[in-house]
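Following: one structure in structure tokens, then a few remarks.
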Amino acid sequence: MALATVIDGKKVAAAVVNAVRASAATLERQAGVRAGFAVVIVGDDPASHAYVGAKGRMAKECGFNSIQHTLPAETTQTELASLVASLNEDPSVHGILLQLPLPKHLYADAIIQSIRPEKDVDGLHVVNAGKLATGDLATGLISCTPAGAMLLVRSIHGQDLSGLTAVVIGRSNLFGKPMAQLLLNANATVTTAHSRTKDLASVARGADILVAAAGRPEMVKSAWVKPGATVIDVGINRIDAPERGRAKTRLVGDVAYAEASDVAGAITPVPGGVGPMTIAMLMANTIAAAYRLNGLQSPQA
């Protein structure tokens with residue numbers, strides 16, 4: 001019988017979306033501005049198109065003007081750069097998202113860094129990363145998944161994490177590094193662990209807040225979890241599930257959920273934990289960008 005509180009990412013994400021929807025309505029009513037969200041996708045990868053469809057639907061639910069630019073797989077770097085440049089200059093577009101991965105002949109980072117930082121709703125531009133690293137959470141845009149994971153942490157521990165130790169397993173630019181910065185900004189004592197960390201299990205076991213983003217299915221076992229700790233599982237891994245039938249699979253995180261739940265104080269499930277937060281925070285970044293680009297104080301989603 002699981003002892004841990006299950007952190008409901010769907011519920012927290014719904015609250016964020018409701019706040020975004022209200023902020024979008026206020027912006028349109030008071031300033032006559034409709035938030036504009038533009039997504040660019042290149043090629044025909046089915047998973048990417050599914051993700052883009054979900055983001056577009058959510059943007060429309062929030063009351064945004066949602067625009068999708070679908071480019072053929074043979075699009076050149078120059079053509080893609082030209083489209084992004086035009087979106088940068090379009091005053092009706094407040095958020096620009098480049099759906100990854102791109103076809104192999106395209107250089108994604110050059111395009112990402114060409115997006116105006118104030119429209120970079122994925123939070124991947126070096127200016128936004130630098131603002132986060134220096135503690136400027138007021139004027140930058142934060143990478144969506146760590147921003148969402150941080151809301152889940154705060155749903156358990158509140159705004160101030162003083163006196164708590166946090167361990168982030170993973171050091172990617174997309175998640176691990178910004179997550180560590182957010183925890184540090186909230187006054188936690190933070191360790192960034194990774195594949196080269198000596199005695200990783202022992203390091204993890206010292207954490208009051210354990211964030212797993214290693215990309216290895218069910219790597220974090222119950223023995224890695226400090227009794228009563230909050231566990232945030234960022235992993236999404238598809239593994240074989242022969243118990244469900246031939247060629248069947250199931251989704252699991254980076255944490256062995258069933259056994260970790262018996263030790264942790266609170267834990268996110270997979271699916272239904274961090275996952276729903278990513279699109280919600282993308283919408284929050286877009287409405288924040290729309291307010292700022294119109295010289296208005298950014299709402300707190």
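Following the order of the structure tokens, first chain is A, next is B, and so on, with residues numbered from 1 inside each chain and ligands from 1 in the order they appear.
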DSSP on the backbone: which residues in range 186-262 of chain A end up as strand (DSSP E or B)? Give the answer as a PyMOL selection string. chain A and resi 189-193+209-212+220+230-233+237-240+249-252+255
Long-range neighbours of Val93 in chain A as a PyMOL selection string, 7 Å cut-off, only C-alpha atoms, 2 positions minimum in chain: chain A and resi 36-38+87+90-91+95
Quick one: residues within 10 Å of range 166-173 of chain A, only C-alpha atoms, excluding same-chain residues fewer than 3 positions away - as an MDAnalysis selection string? chainID A and resid 124 129 143 161 163 176:180 183:184 188:195 197 200 203:215 220 229:234 254
Go ahead and write the selection's residues with C-alpha atoms as a short mmCIF file (atom, residue, chain, number, x, y, z; two decimals), in the first residue's frame.
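Wrote it out as out-v4.cif, contents follow:
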data_model
loop_
_atom_site.label_atom_id
_atom_site.label_comp_id
_atom_site.auth_asym_id
_atom_site.auth_seq_id
_atom_site.Cartn_x
_atom_site.Cartn_y
_atom_site.Cartn_z
CA LEU A 124 16.02 27.95 -24.41
CA ALA A 129 19.20 30.83 -19.47
CA SER A 143 12.24 26.47 -19.64
CA LEU A 161 12.80 25.93 0.50
CA GLY A 163 16.80 24.35 5.13
CA GLY A 176 18.74 19.59 -15.16
CA LYS A 177 20.60 22.90 -15.06
CA PRO A 178 17.54 25.19 -15.00
CA MET A 179 15.86 22.96 -12.39
CA ALA A 180 18.89 23.26 -10.12
CA LEU A 183 15.68 25.22 -6.52
CA LEU A 184 18.71 27.32 -5.57
CA ALA A 188 17.32 25.03 -1.21
CA THR A 189 20.79 23.55 -0.85
CA VAL A 190 21.26 21.92 -4.24
CA THR A 191 23.40 19.11 -5.63
CA THR A 192 23.44 18.32 -9.33
CA ALA A 193 24.17 14.61 -9.80
CA HIS A 194 24.73 12.70 -13.03
CA SER A 195 26.19 9.56 -14.59
CA THR A 197 28.64 11.01 -9.76
CA LEU A 200 24.80 8.15 -6.87
CA VAL A 203 23.83 11.18 -2.88
CA ALA A 204 20.17 10.76 -3.81
CA ARG A 205 19.33 9.33 -0.39
CA GLY A 206 20.39 12.60 1.26
CA ALA A 207 17.74 14.64 -0.55
CA ASP A 208 14.62 16.12 0.97
CA ILE A 209 13.62 16.88 -2.63
CA LEU A 210 14.77 14.36 -5.23
CA VAL A 211 14.31 15.23 -8.89
CA ALA A 212 15.01 12.42 -11.37
CA ALA A 213 15.73 13.39 -14.97
CA ALA A 214 18.28 10.83 -16.07
CA GLY A 215 16.37 9.24 -18.97
CA VAL A 220 15.79 5.29 -8.88
CA ALA A 229 11.26 12.88 0.72
CA THR A 230 9.44 14.59 -2.14
CA VAL A 231 10.20 12.79 -5.41
CA ILE A 232 9.71 14.55 -8.75
CA ASP A 233 9.97 12.09 -11.65
CA VAL A 234 10.66 13.81 -14.97
CA ASP A 254 13.00 7.27 -14.04
#
Hey, what's within 12 Å of Ala290 in chain A if we count only C-alpha atoms and toss same-chain stuff fewer than 4 positions away? As a PyMOL selection string, please? chain A and resi 20+23-28+31-37+64-65+91-96+118-121+141+283-286+294-299
Considering only C-alpha atoms, return as a PyMOL selection string whatever protein or nucleic-acid residues lie within 8 Å of range 241-253 of chain A, sequence-local ones (same chain, fewer than 4 positions apart) excluded. chain A and resi 216-218+233-237+257+269-271
Quick check for you: according to DSSP on this backbone, which residues of range 27-215 of chain A are classed as helix (DSSP H, G or I)? Reply as a ChimeraX atom specification. /A:27-31,46-61,77-89,108-114,117-119,126-133,144-157,176-185,200-205
Spatial neighbours of Gly273 in chain A, 6 Å, only C-alpha atoms, chain gap at least 4 places, as JSON, numbers by chain: {"A": [8, 9, 268, 269]}
